[in-house]
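Undergrad: Hey, dropping run35.cif in here, mmCIF, C-alpha atoms:
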```
data_final
loop_
_atom_site.label_atom_id
_atom_site.label_comp_id
_atom_site.auth_asym_id
_atom_site.auth_seq_id
_atom_site.Cartn_x
_atom_site.Cartn_y
_atom_site.Cartn_z
CA MET Y 1 10.37 -40.61 -26.09
CA PHE Y 2 12.59 -37.65 -25.15
CA ASN Y 3 14.63 -39.64 -22.63
CA ALA Y 4 16.75 -41.02 -25.47
CA LEU Y 5 17.91 -37.53 -26.47
CA PRO Y 6 21.24 -36.30 -25.08
CA PRO Y 7 21.40 -33.14 -22.98
CA PRO Y 8 20.53 -30.40 -23.70
CA LEU Y 9 18.27 -31.68 -26.50
CA ASN Y 10 16.11 -33.59 -24.01
CA PHE Y 11 15.09 -30.19 -22.65
CA ALA Y 12 15.31 -28.06 -25.80
CA VAL Y 13 13.14 -30.25 -28.06
CA PRO Y 14 10.14 -30.44 -25.67
CA PHE Y 15 10.49 -26.71 -25.04
CA VAL Y 16 10.33 -25.89 -28.75
CA ILE Y 17 7.36 -28.21 -29.29
CA VAL Y 18 5.41 -26.91 -26.31
CA LEU Y 19 6.06 -23.25 -27.00
CA GLY Y 20 5.52 -23.72 -30.73
CA VAL Y 21 2.07 -25.27 -30.26
CA LEU Y 22 0.99 -22.63 -27.74
CA VAL Y 23 2.18 -19.72 -29.86
CA PHE Y 24 0.76 -21.16 -33.08
CA VAL Y 25 -2.69 -21.63 -31.55
CA HIS Y 26 -2.56 -18.14 -30.02
CA GLU Y 27 -1.62 -16.50 -33.31
CA LEU Y 28 -4.10 -18.64 -35.22
CA GLY Y 29 -6.84 -17.15 -33.06
CA HIS Y 30 -5.81 -13.64 -34.08
CA TYR Y 31 -5.49 -14.70 -37.71
CA LEU Y 32 -8.91 -16.35 -37.99
CA ALA Y 33 -10.63 -13.49 -36.16
CA ALA Y 34 -8.95 -10.96 -38.45
CA ARG Y 35 -10.18 -12.81 -41.54
CA TRP Y 36 -13.67 -13.01 -40.04
CA ARG Y 37 -13.75 -9.25 -39.42
CA GLY Y 38 -12.42 -8.43 -42.88
CA VAL Y 39 -8.86 -7.46 -41.91
CA PHE Y 40 -6.06 -8.50 -44.27
CA VAL Y 41 -3.21 -10.32 -42.54
CA GLU Y 42 0.14 -9.46 -44.07
CA THR Y 43 2.39 -11.82 -42.09
CA PHE Y 44 1.96 -14.87 -39.87
CA SER Y 45 5.23 -15.74 -38.15
CA ILE Y 46 6.13 -18.48 -35.70
CA GLY Y 47 9.50 -17.69 -34.15
CA PHE Y 48 11.62 -14.57 -34.49
CA GLY Y 49 14.78 -13.66 -36.37
CA ARG Y 50 15.87 -14.87 -39.79
CA ALA Y 51 13.24 -16.99 -41.51
CA LEU Y 52 14.07 -20.68 -41.90
CA ALA Y 53 11.09 -21.15 -44.20
CA THR Y 54 8.68 -18.75 -45.87
CA TRP Y 55 5.80 -19.02 -48.31
CA THR Y 56 2.88 -16.91 -49.52
CA ASP Y 57 -0.67 -18.28 -49.66
CA ARG Y 58 -3.29 -17.44 -52.29
CA ARG Y 59 -4.68 -14.63 -50.12
CA GLY Y 60 -1.31 -12.88 -50.07
CA THR Y 61 -0.40 -13.64 -46.46
CA VAL Y 62 3.29 -14.39 -45.92
CA TRP Y 63 3.90 -17.34 -43.57
CA LYS Y 64 7.25 -17.59 -41.79
CA VAL Y 65 9.07 -19.94 -39.43
CA GLY Y 66 11.83 -18.05 -37.59
CA TRP Y 67 14.94 -19.60 -36.11
CA LEU Y 68 14.35 -18.20 -32.59
CA PRO Y 69 11.39 -20.15 -31.10
CA LEU Y 70 10.47 -17.66 -28.40
CA GLY Y 71 7.13 -16.48 -29.72
CA GLY Y 72 5.49 -15.27 -32.86
CA TYR Y 73 3.34 -12.53 -34.33
CA VAL Y 74 0.58 -11.75 -36.80
CA LYS Y 75 0.96 -8.44 -38.66
CA MET Y 76 -2.34 -6.85 -39.55
CA HIS Y 77 -2.72 -4.68 -42.62
CA GLY Y 78 -2.91 -1.04 -41.59
CA GLN Y 79 -2.57 -1.66 -37.88
CA GLU Y 80 -0.79 1.68 -37.54
CA GLN Y 81 -2.70 4.91 -37.16
CA PRO Y 82 -2.71 7.11 -40.30
CA ALA Y 83 -0.85 9.88 -38.47
CA ASP Y 84 2.00 7.50 -37.63
CA VAL Y 85 2.95 6.55 -41.20
CA THR Y 86 4.08 8.31 -44.35
CA PRO Y 87 1.73 9.22 -47.21
CA GLU Y 88 3.36 6.51 -49.33
CA VAL Y 89 2.39 3.84 -46.78
CA ARG Y 90 -1.16 5.17 -46.52
CA ALA Y 91 -1.48 5.10 -50.30
CA ALA Y 92 -0.68 1.38 -50.30
CA TRP Y 93 -3.43 0.50 -47.84
CA GLN Y 94 -6.35 -1.51 -49.17
CA ALA Y 95 -9.60 0.28 -48.43
CA GLY Y 96 -11.88 -1.67 -46.10
CA ARG Y 97 -9.18 -4.19 -45.12
CA THR Y 98 -7.09 -2.23 -42.62
CA PHE Y 99 -7.17 -2.91 -38.91
CA HIS Y 100 -7.37 0.71 -37.76
CA GLU Y 101 -10.53 1.52 -39.71
CA LYS Y 102 -12.57 -1.33 -38.20
CA SER Y 103 -15.02 -0.67 -35.40
CA VAL Y 104 -13.96 -0.90 -31.78
CA GLY Y 105 -15.93 -4.12 -31.46
CA SER Y 106 -14.18 -5.77 -34.41
CA ARG Y 107 -10.75 -4.74 -33.16
CA ALA Y 108 -11.58 -6.07 -29.70
CA ILE Y 109 -12.59 -9.40 -31.20
CA VAL Y 110 -9.30 -9.66 -33.09
CA VAL Y 111 -7.26 -8.79 -30.00
CA ALA Y 112 -9.15 -11.14 -27.70
CA ALA Y 113 -9.19 -14.08 -30.13
CA GLY Y 114 -5.59 -15.08 -29.35
CA PRO Y 115 -6.07 -15.53 -25.61
CA PHE Y 116 -9.45 -17.18 -26.24
CA ALA Y 117 -7.76 -19.70 -28.54
CA ASN Y 118 -5.36 -20.63 -25.73
CA PHE Y 119 -8.24 -21.13 -23.31
CA LEU Y 120 -9.95 -23.29 -25.91
CA LEU Y 121 -6.76 -25.31 -26.46
CA ALA Y 122 -6.45 -25.97 -22.74
CA ALA Y 123 -10.07 -27.14 -22.52
CA VAL Y 124 -9.65 -29.41 -25.55
CA LEU Y 125 -6.46 -30.96 -24.18
CA PHE Y 126 -8.01 -31.58 -20.78
CA ALA Y 127 -11.12 -33.06 -22.41
CA GLY Y 128 -8.97 -35.31 -24.58
CA LEU Y 129 -7.05 -36.57 -21.56
CA TYR Y 130 -10.23 -37.20 -19.58
CA ALA Y 131 -11.82 -39.14 -22.46
CA THR Y 132 -8.73 -41.28 -23.19
CA ALA Y 133 -6.48 -41.57 -20.14
CA GLY Y 134 -9.21 -40.69 -17.66
CA VAL Y 135 -9.63 -38.36 -14.71
CA PRO Y 136 -7.23 -39.05 -11.83
CA THR Y 137 -9.29 -39.93 -8.79
CA THR Y 138 -7.72 -40.50 -5.39
CA LEU Y 139 -9.48 -43.41 -3.70
CA PRO Y 140 -10.60 -43.04 -0.06
CA VAL Y 141 -8.11 -45.68 1.01
CA VAL Y 142 -5.62 -45.16 3.83
CA GLY Y 143 -2.04 -45.31 2.59
CA GLN Y 144 -0.14 -44.37 5.72
CA VAL Y 145 -1.17 -43.65 9.29
CA LEU Y 146 1.08 -41.02 10.83
CA ALA Y 147 2.43 -41.80 14.29
CA ASN Y 148 0.76 -40.11 17.29
CA SER Y 149 -2.06 -38.83 15.10
CA ALA Y 150 -5.81 -38.94 15.61
CA ALA Y 151 -6.02 -41.76 13.07
CA ALA Y 152 -3.41 -43.80 14.92
CA ARG Y 153 -5.21 -43.42 18.24
CA ALA Y 154 -8.50 -44.45 16.61
CA GLY Y 155 -6.94 -47.64 15.23
CA LEU Y 156 -7.04 -46.91 11.50
CA GLN Y 157 -4.75 -49.14 9.44
CA THR Y 158 -3.11 -49.02 6.03
CA GLY Y 159 -5.52 -50.35 3.42
CA ASP Y 160 -8.67 -49.30 5.27
CA ARG Y 161 -11.28 -47.90 2.87
CA ILE Y 162 -13.35 -45.12 4.44
CA GLU Y 163 -16.88 -45.45 3.08
CA SER Y 164 -18.64 -42.75 5.08
CA ILE Y 165 -18.14 -40.16 7.82
CA ASP Y 166 -21.07 -39.64 10.16
CA ALA Y 167 -23.31 -41.42 7.63
CA HIS Y 168 -22.20 -39.09 4.80
CA PRO Y 169 -20.91 -41.19 1.86
CA VAL Y 170 -17.28 -40.79 0.79
CA SER Y 171 -16.16 -41.52 -2.78
CA ARG Y 172 -12.78 -39.73 -2.98
CA PHE Y 173 -9.94 -38.97 -0.62
CA GLU Y 174 -10.69 -35.28 -1.09
CA ASP Y 175 -14.13 -35.88 0.46
CA ILE Y 176 -12.38 -37.05 3.62
CA GLN Y 177 -10.17 -33.98 3.63
CA ARG Y 178 -13.06 -31.55 3.34
CA THR Y 179 -15.11 -33.26 6.02
CA ILE Y 180 -12.26 -33.60 8.51
CA ALA Y 181 -11.06 -30.04 7.94
CA ALA Y 182 -14.54 -28.73 8.73
CA HIS Y 183 -14.66 -30.55 12.09
CA PRO Y 184 -11.65 -29.63 14.25
CA GLU Y 185 -11.45 -31.35 17.64
CA GLN Y 186 -14.77 -33.11 17.11
CA ARG Y 187 -15.84 -36.72 17.48
CA LEU Y 188 -16.80 -38.38 14.20
CA THR Y 189 -17.74 -41.92 13.24
CA LEU Y 190 -15.97 -43.50 10.28
CA GLN Y 191 -17.52 -46.43 8.46
CA VAL Y 192 -14.52 -48.43 7.30
CA ARG Y 193 -14.15 -51.46 5.04
CA ARG Y 194 -11.22 -53.62 6.20
CA GLY Y 195 -10.89 -56.73 4.10
CA ASP Y 196 -14.27 -58.43 4.20
CA SER Y 197 -15.32 -56.69 7.40
CA SER Y 198 -17.24 -53.46 7.88
CA LEU Y 199 -16.18 -51.52 10.96
CA SER Y 200 -17.55 -48.47 12.71
CA ILE Y 201 -14.60 -46.52 14.13
CA PRO Y 202 -15.04 -43.40 16.29
CA VAL Y 203 -12.32 -40.79 16.00
CA THR Y 204 -11.68 -37.41 17.58
CA THR Y 205 -9.96 -35.10 15.13
CA GLU Y 206 -7.07 -32.84 15.99
CA ALA Y 207 -6.89 -29.17 15.09
CA ARG Y 208 -4.33 -26.71 13.85
CA ASP Y 209 -4.27 -23.07 12.85
CA SER Y 210 -4.55 -22.56 9.10
CA GLY Y 211 -3.94 -18.82 9.29
CA GLY Y 212 -6.22 -15.89 9.85
CA GLY Y 213 -7.34 -17.30 13.17
CA ARG Y 214 -9.16 -20.21 11.49
CA ARG Y 215 -8.73 -23.70 12.92
CA ILE Y 216 -9.15 -26.80 10.80
CA GLY Y 217 -9.39 -30.46 11.64
CA THR Y 218 -6.68 -33.00 10.87
CA LEU Y 219 -6.68 -36.80 10.93
CA GLY Y 220 -3.15 -37.88 10.06
CA ILE Y 221 -3.39 -40.19 7.05
CA THR Y 222 -2.14 -40.19 3.48
CA ALA Y 223 -3.90 -41.55 0.41
CA LYS Y 224 -2.85 -44.90 -0.97
CA ALA Y 225 -3.88 -45.15 -4.60
CA THR Y 226 -5.06 -43.15 -7.58
CA GLU Y 227 -7.21 -44.59 -10.32
CA PHE Y 228 -8.09 -43.12 -13.70
CA ARG Y 229 -11.73 -43.06 -14.71
CA ARG Y 230 -12.53 -42.39 -18.34
CA LEU Y 231 -15.35 -39.97 -19.00
CA SER Y 232 -17.90 -39.97 -21.78
CA PRO Y 233 -17.25 -37.40 -24.53
CA GLY Y 234 -19.85 -35.01 -23.13
CA ALA Y 235 -18.63 -35.32 -19.57
CA ALA Y 236 -15.02 -34.94 -20.77
CA VAL Y 237 -15.84 -31.64 -22.48
CA ILE Y 238 -17.57 -30.32 -19.36
CA GLY Y 239 -14.65 -31.49 -17.22
CA GLY Y 240 -12.13 -29.88 -19.57
CA VAL Y 241 -13.87 -26.52 -19.41
CA ALA Y 242 -14.20 -26.75 -15.62
CA GLN Y 243 -10.53 -27.62 -15.18
CA THR Y 244 -9.47 -24.76 -17.45
CA TRP Y 245 -11.59 -22.38 -15.39
CA ASP Y 246 -10.08 -23.74 -12.17
CA VAL Y 247 -6.50 -23.34 -13.41
CA THR Y 248 -7.21 -19.80 -14.62
CA GLU Y 249 -8.85 -18.84 -11.34
CA GLN Y 250 -5.94 -20.13 -9.30
CA THR Y 251 -3.47 -18.34 -11.57
CA LEU Y 252 -5.24 -15.03 -11.00
CA VAL Y 253 -5.41 -15.71 -7.26
CA GLY Y 254 -1.68 -16.42 -7.22
CA VAL Y 255 -0.88 -13.24 -9.13
CA TRP Y 256 -3.04 -11.22 -6.74
CA GLN Y 257 -1.28 -12.81 -3.76
CA MET Y 258 2.06 -11.70 -5.23
CA ILE Y 259 0.74 -8.19 -5.76
CA THR Y 260 -0.53 -7.95 -2.18
CA GLY Y 261 2.67 -9.48 -0.78
CA SER Y 262 1.01 -12.57 0.74
CA ARG Y 263 2.97 -14.82 -1.61
CA GLY Y 264 6.56 -14.67 -2.79
CA THR Y 265 7.76 -14.45 -6.37
CA ALA Y 266 9.88 -17.60 -6.30
CA ASP Y 267 7.46 -19.28 -8.74
CA LEU Y 268 8.12 -16.71 -11.45
CA GLY Y 269 10.27 -17.90 -14.33
CA GLY Y 270 11.39 -16.87 -17.79
CA PRO Y 271 12.41 -18.78 -20.94
CA LEU Y 272 15.05 -20.91 -19.20
CA ARG Y 273 12.55 -21.98 -16.57
CA ILE Y 274 10.02 -22.88 -19.28
CA ALA Y 275 12.63 -25.02 -21.03
CA GLN Y 276 13.58 -26.74 -17.78
CA LEU Y 277 10.00 -27.59 -16.86
CA SER Y 278 9.12 -28.73 -20.38
CA GLY Y 279 12.02 -31.17 -20.28
CA GLU Y 280 11.12 -32.46 -16.83
CA VAL Y 281 7.54 -33.17 -17.83
CA ALA Y 282 8.59 -34.81 -21.09
CA GLN Y 283 10.94 -37.18 -19.24
CA SER Y 284 8.55 -38.10 -16.42
CA ARG Y 285 6.34 -41.17 -16.48
CA PRO Y 286 2.57 -40.94 -15.81
CA ASP Y 287 3.06 -42.57 -12.41
CA GLN Y 288 5.69 -40.07 -11.31
CA SER Y 289 5.62 -36.60 -9.96
CA VAL Y 290 7.99 -34.09 -11.44
CA PRO Y 291 10.15 -31.62 -9.56
CA ASP Y 292 8.55 -28.56 -8.05
CA PRO Y 293 5.17 -30.07 -7.09
CA ASP Y 294 4.59 -27.05 -4.90
CA SER Y 295 4.07 -24.95 -8.00
CA ARG Y 296 1.15 -24.82 -10.36
CA TRP Y 297 1.57 -25.03 -14.09
CA ARG Y 298 -0.07 -22.46 -16.25
CA PRO Y 299 -0.91 -21.90 -19.93
CA LEU Y 300 1.10 -19.43 -21.99
CA ALA Y 301 -0.27 -16.23 -23.46
CA VAL Y 302 -3.84 -16.46 -22.23
CA LEU Y 303 -4.32 -12.83 -21.25
CA PRO Y 304 -4.95 -9.97 -23.70
CA GLY Y 305 -1.82 -8.23 -24.91
CA ARG Y 306 -1.12 -4.60 -24.18
CA GLY Y 307 0.71 -3.97 -27.43
CA HIS Y 308 -0.39 -4.45 -31.01
CA PRO Y 309 -2.80 -7.29 -31.74
CA GLY Y 310 -1.49 -10.56 -33.00
CA THR Y 311 1.79 -10.72 -31.09
CA ALA Y 312 2.98 -13.22 -28.53
CA SER Y 313 6.29 -13.82 -26.83
CA VAL Y 314 7.42 -15.81 -23.81
CA VAL Y 315 5.70 -13.15 -21.72
CA PRO Y 316 2.13 -14.39 -21.18
CA GLY Y 317 -0.27 -11.82 -22.55
CA ASP Y 318 2.38 -9.22 -23.36
CA GLY Y 319 2.00 -7.97 -26.91
CA ILE Y 320 5.19 -6.76 -28.61
CA ARG Y 321 5.40 -4.30 -31.44
CA HIS Y 322 8.41 -5.91 -33.07
CA PRO Y 323 9.78 -9.44 -32.59
CA ARG Y 324 13.14 -8.18 -31.35
CA ARG Y 325 11.63 -6.41 -28.32
CA LEU Y 326 11.45 -9.26 -25.81
CA ARG Y 327 10.68 -8.68 -22.14
CA PRO Y 328 11.09 -10.94 -19.13
CA SER Y 329 8.22 -13.10 -17.89
CA ARG Y 330 5.93 -11.73 -15.20
CA ARG Y 331 4.30 -14.97 -14.06
CA PRO Y 332 4.94 -18.71 -14.32
CA VAL Y 333 4.39 -20.29 -17.73
CA ARG Y 334 3.35 -23.88 -17.21
CA LEU Y 335 1.36 -26.59 -18.85
CA CYS Y 336 -1.08 -28.27 -16.56
CA HIS Y 337 -2.41 -28.42 -13.05
CA LEU Y 338 0.13 -30.77 -11.54
CA GLU Y 339 -1.45 -31.45 -8.17
CA ARG Y 340 -4.75 -32.60 -9.65
CA SER Y 341 -3.68 -33.88 -13.05
CA LEU Y 342 -0.68 -36.04 -12.21
CA PRO Y 343 -0.40 -38.77 -9.58
CA THR Y 344 2.68 -38.76 -7.41
CA ARG Y 345 5.18 -41.33 -6.26
CA THR Y 346 3.54 -41.56 -2.88
CA GLY Y 347 -0.05 -41.23 -4.05
CA SER Y 348 -0.66 -38.68 -1.32
CA LEU Y 349 -2.02 -35.74 -3.26
CA GLY Y 350 1.26 -34.14 -4.12
CA CYS Y 351 2.98 -35.00 -0.84
CA ARG Y 352 6.65 -36.00 -0.90
CA PRO Y 353 8.37 -37.54 2.12
CA ASP Y 354 10.90 -34.73 2.21
CA ARG Y 355 8.20 -32.07 2.12
CA LEU Y 356 6.04 -33.09 5.12
CA SER Y 357 6.11 -29.66 6.65
CA GLU Y 358 3.39 -27.45 8.03
CA ALA Y 359 4.21 -24.77 5.47
CA TYR Y 360 3.71 -27.26 2.67
CA VAL Y 361 0.48 -28.83 3.91
CA PRO Y 362 -2.21 -26.27 3.08
CA ARG Y 363 -1.27 -25.67 -0.56
CA ALA Y 364 -0.24 -29.02 -1.98
CA CYS Y 365 -1.32 -31.80 0.34
CA GLY Y 366 -4.53 -30.59 1.87
CA ASP Y 367 -5.15 -30.55 5.58
CA LEU Y 368 -4.84 -34.18 6.47
CA ALA Y 369 -2.75 -35.84 3.80
CA CYS Y 370 0.48 -34.57 5.32
CA ALA Y 371 -0.68 -33.59 8.79
CA GLY Y 372 1.54 -34.66 11.60
#
```
Now, as a test, write the supplied structure out as structure tokens.
TA:
Amino acid sequence: MFNALPPPLNFAVPFVIVLGVLVFVHELGHYLAARWRGVFVETFSIGFGRALATWTDRRGTVWKVGWLPLGGYVKMHGQEQPADVTPEVRAAWQAGRTFHEKSVGSRAIVVAAGPFANFLLAAVLFAGLYATAGVPTTLPVVGQVLANSAAARAGLQTGDRIESIDAHPVSRFEDIQRTIAAHPEQRLTLQVRRGDSSLSIPVTTEARDSGGGRRIGTLGITAKATEFRRLSPGAAVIGGVAQTWDVTEQTLVGVWQMITGSRGTADLGGPLRIAQLSGEVAQSRPDQSVPDPDSRWRPLAVLPGRGHPGTASVVPGDGIRHPRRLRPSRRPVRLCHLERSLPTRTGSLGCRPDRLSEAYVPRACGDLACAG
């Protein structure tokens, strides 16, 4: 759809849509929680700067759409402390409807509702994809046998379907990875379906150092095909929640690795990077990978803000007191878990021919998809 747009609109339009949806849902969480806890919301703004459109609802809340689509904010009634404002401002406060006079629990709910809404959005989107398009499942079928590998010496061929390893059933390519990785330099028996024939193939795995003195097994094959399996509504919801948890966990792990110095900061990006990635995803087909498969894509604004409640900018989780005070991003802002959610050109679990390197193997391709 966006491919027909000329540059730079093919990047700008997806960026505005993606950021607009994320910010709106985030701020809607604050807004609904504030109404639930009895706090009057004075302003609900999507975008900063001069208002392109504005209207007032029957509750007195002013809704705005700003021309600068880099975030948004919800202004609570009486969110300032009494000592910080003039007597005239205090006199205008509506008793029982100000933010500062609510209990700590109520204020915490209002503050946390924005990030929670983003988590909920991610789970709903994943569940919707799983119920309609399906869950991408990499079949346990050999796509390529790397030269001089354990698989080549054992006689595995392209198109072989591995049904079991040492009598343990295999249903996905990831099952092969886990089993092989756990058995370095060991003899295993693969039950293989080749055409109409069932073969029992012995193989002795190779080993390599995965860091920290730990050795893992490698086989030397890539996956061949990915199929999409639709889930029932209930299973899709469970899968959506699980995938959201997985993405969040890996985000926190990545941030911790940057803090401890075990991972570089090359994955960090600000607004321009968000726009670039939004455009790349919008222009890619479902059967394609997009640039930067070595990175993981993350939701925006899913961590509690440190400033006033009800504010969001392009900084994930960084509250801002006024819309004009923007700060640079501190971690990647991305949309989905690329390596598990999108198939690639090669069908090899995120492996590209120009990235078959040892440094690339552990994170994106697993321990045998790109081993060689």
Undergrad: Once the PyMOL selection byres ((chain Y and resi 110) around 12) is applied to the coordinates I shared, what remains selected? I want it as a PyMOL selection string.
TA: chain Y and resi 26-41+74-76+79+99-100+102-109+111-117+304-305+308-311
Undergrad: Could you write out the selected residues, including C-alpha atoms, as a PDB file, in the coordinates of the input?
TA:
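Produced file out-v2.pdb, reproduced below:
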```pdb
ATOM      1  CA  HIS Y  26      -2.560 -18.140 -30.020  1.00  0.00           C
ATOM      2  CA  GLU Y  27      -1.620 -16.500 -33.310  1.00  0.00           C
ATOM      3  CA  LEU Y  28      -4.100 -18.640 -35.220  1.00  0.00           C
ATOM      4  CA  GLY Y  29      -6.840 -17.150 -33.060  1.00  0.00           C
ATOM      5  CA  HIS Y  30      -5.810 -13.640 -34.080  1.00  0.00           C
ATOM      6  CA  TYR Y  31      -5.490 -14.700 -37.710  1.00  0.00           C
ATOM      7  CA  LEU Y  32      -8.910 -16.350 -37.990  1.00  0.00           C
ATOM      8  CA  ALA Y  33     -10.630 -13.490 -36.160  1.00  0.00           C
ATOM      9  CA  ALA Y  34      -8.950 -10.960 -38.450  1.00  0.00           C
ATOM     10  CA  ARG Y  35     -10.180 -12.810 -41.540  1.00  0.00           C
ATOM     11  CA  TRP Y  36     -13.670 -13.010 -40.040  1.00  0.00           C
ATOM     12  CA  ARG Y  37     -13.750  -9.250 -39.420  1.00  0.00           C
ATOM     13  CA  GLY Y  38     -12.420  -8.430 -42.880  1.00  0.00           C
ATOM     14  CA  VAL Y  39      -8.860  -7.460 -41.910  1.00  0.00           C
ATOM     15  CA  PHE Y  40      -6.060  -8.500 -44.270  1.00  0.00           C
ATOM     16  CA  VAL Y  41      -3.210 -10.320 -42.540  1.00  0.00           C
ATOM     17  CA  VAL Y  74       0.580 -11.750 -36.800  1.00  0.00           C
ATOM     18  CA  LYS Y  75       0.960  -8.440 -38.660  1.00  0.00           C
ATOM     19  CA  MET Y  76      -2.340  -6.850 -39.550  1.00  0.00           C
ATOM     20  CA  GLN Y  79      -2.570  -1.660 -37.880  1.00  0.00           C
ATOM     21  CA  PHE Y  99      -7.170  -2.910 -38.910  1.00  0.00           C
ATOM     22  CA  HIS Y 100      -7.370   0.710 -37.760  1.00  0.00           C
ATOM     23  CA  LYS Y 102     -12.570  -1.330 -38.200  1.00  0.00           C
ATOM     24  CA  SER Y 103     -15.020  -0.670 -35.400  1.00  0.00           C
ATOM     25  CA  VAL Y 104     -13.960  -0.900 -31.780  1.00  0.00           C
ATOM     26  CA  GLY Y 105     -15.930  -4.120 -31.460  1.00  0.00           C
ATOM     27  CA  SER Y 106     -14.180  -5.770 -34.410  1.00  0.00           C
ATOM     28  CA  ARG Y 107     -10.750  -4.740 -33.160  1.00  0.00           C
ATOM     29  CA  ALA Y 108     -11.580  -6.070 -29.700  1.00  0.00           C
ATOM     30  CA  ILE Y 109     -12.590  -9.400 -31.200  1.00  0.00           C
ATOM     31  CA  VAL Y 111      -7.260  -8.790 -30.000  1.00  0.00           C
ATOM     32  CA  ALA Y 112      -9.150 -11.140 -27.700  1.00  0.00           C
ATOM     33  CA  ALA Y 113      -9.190 -14.080 -30.130  1.00  0.00           C
ATOM     34  CA  GLY Y 114      -5.590 -15.080 -29.350  1.00  0.00           C
ATOM     35  CA  PRO Y 115      -6.070 -15.530 -25.610  1.00  0.00           C
ATOM     36  CA  PHE Y 116      -9.450 -17.180 -26.240  1.00  0.00           C
ATOM     37  CA  ALA Y 117      -7.760 -19.700 -28.540  1.00  0.00           C
ATOM     38  CA  PRO Y 304      -4.950  -9.970 -23.700  1.00  0.00           C
ATOM     39  CA  GLY Y 305      -1.820  -8.230 -24.910  1.00  0.00           C
ATOM     40  CA  HIS Y 308      -0.390  -4.450 -31.010  1.00  0.00           C
ATOM     41  CA  PRO Y 309      -2.800  -7.290 -31.740  1.00  0.00           C
ATOM     42  CA  GLY Y 310      -1.490 -10.560 -33.000  1.00  0.00           C
ATOM     43  CA  THR Y 311       1.790 -10.720 -31.090  1.00  0.00           C
TER      44      THR Y 311
END
```
Undergrad: Just say which residues the PyMOL selection byres ((chain Y and resi 61) around 8) picks in this file, as a PyMOL selection string.
TA: chain Y and resi 40-44+56-60+62-63
Undergrad: Just to confirm, what's the straight-line distance from CA of Tyr130 in chain Y to CA of Arg230 in chain Y in Å (one decimal)?
TA: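 Atom-to-atom, CA of Tyr130 in chain Y to CA of Arg230 in chain Y, that is 5.8 Å.
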Undergrad: One decimal, in Å: what's the spacing between CA of Asp175 in chain Y and CA of Asn148 in chain Y?
TA: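 Separation of CA of Asp175 in chain Y and CA of Asn148 in chain Y: 22.9 Å.
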Undergrad: Could you check which of Y:Ser232, Y:Leu19, Y:Gln144, Y:Glu174 is closest to Ile46 in chain Y, using only C-alpha atoms?
TA: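 The closest residue to Ile46 in chain Y is Y:Leu19.
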Undergrad: Counting all atoms listed in the file, which of Y:Ala92, Y:Val85, Y:Val124, Y:Ala131 gets nearest to Phe228 in chain Y?
TA: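 Between Y:Ala92, Y:Val85, Y:Val124, Y:Ala131, the residue approaching Phe228 in chain Y most closely is Y:Ala131.
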Undergrad: Determine the residue membership of the PyMOL selection byres ((chain Y and resi 162-170) around 7) for the file above and supply it as a tab-separated table (two decimals) with C-alpha atoms, keeping the file's coordinate frame.
TA:
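Final file, selection31.tsv:
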```tsv
chain	number	residue	atom	x	y	z
Y	140	PRO	CA	-10.60	-43.04	-0.06
Y	141	VAL	CA	-8.11	-45.68	1.01
Y	160	ASP	CA	-8.67	-49.30	5.27
Y	161	ARG	CA	-11.28	-47.90	2.87
Y	171	SER	CA	-16.16	-41.52	-2.78
Y	172	ARG	CA	-12.78	-39.73	-2.98
Y	175	ASP	CA	-14.13	-35.88	0.46
Y	176	ILE	CA	-12.38	-37.05	3.62
Y	188	LEU	CA	-16.80	-38.38	14.20
Y	189	THR	CA	-17.74	-41.92	13.24
Y	190	LEU	CA	-15.97	-43.50	10.28
Y	191	GLN	CA	-17.52	-46.43	8.46
Y	192	VAL	CA	-14.52	-48.43	7.30
Y	193	ARG	CA	-14.15	-51.46	5.04
```
Undergrad: Enclose range 158-173 of chain Y, meaning all of its atoms listed in the file, in a box aligned along x, y and z, pad it by 6 Å on each side, and list the centre and edge lengths in Å to one decimal, as lines of an AutoDock Vina configuration file.
TA:
```
center_x = -13.2
center_y = -44.7
center_z = 3.6
size_x = 32.2
size_y = 23.4
size_z = 25.1
```
Undergrad: Dump N, CA and C atoms of range 172-178 of chain Y from the given block, as a tab-separated table (two decimals), in the first residue's frame.
TA:
```
chain	number	residue	atom	x	y	z
Y	172	ARG	N	9.27	-28.95	15.06
Y	172	ARG	CA	9.72	-27.67	14.52
Y	172	ARG	C	11.23	-27.68	14.37
Y	173	PHE	N	11.73	-26.80	13.52
Y	173	PHE	CA	13.16	-26.71	13.32
Y	173	PHE	C	13.87	-26.30	14.60
Y	174	GLU	N	13.18	-25.49	15.42
Y	174	GLU	CA	13.77	-25.08	16.69
Y	174	GLU	C	14.00	-26.27	17.62
Y	175	ASP	N	13.17	-27.31	17.50
Y	175	ASP	CA	13.38	-28.51	18.31
Y	175	ASP	C	14.72	-29.16	17.96
Y	176	ILE	N	15.06	-29.15	16.68
Y	176	ILE	CA	16.34	-29.70	16.24
Y	176	ILE	C	17.48	-28.87	16.82
Y	177	GLN	N	17.34	-27.56	16.77
Y	177	GLN	CA	18.38	-26.69	17.29
Y	177	GLN	C	18.66	-26.96	18.77
Y	178	ARG	N	17.59	-27.01	19.55
Y	178	ARG	CA	17.78	-27.22	20.99
Y	178	ARG	C	18.43	-28.56	21.30
```
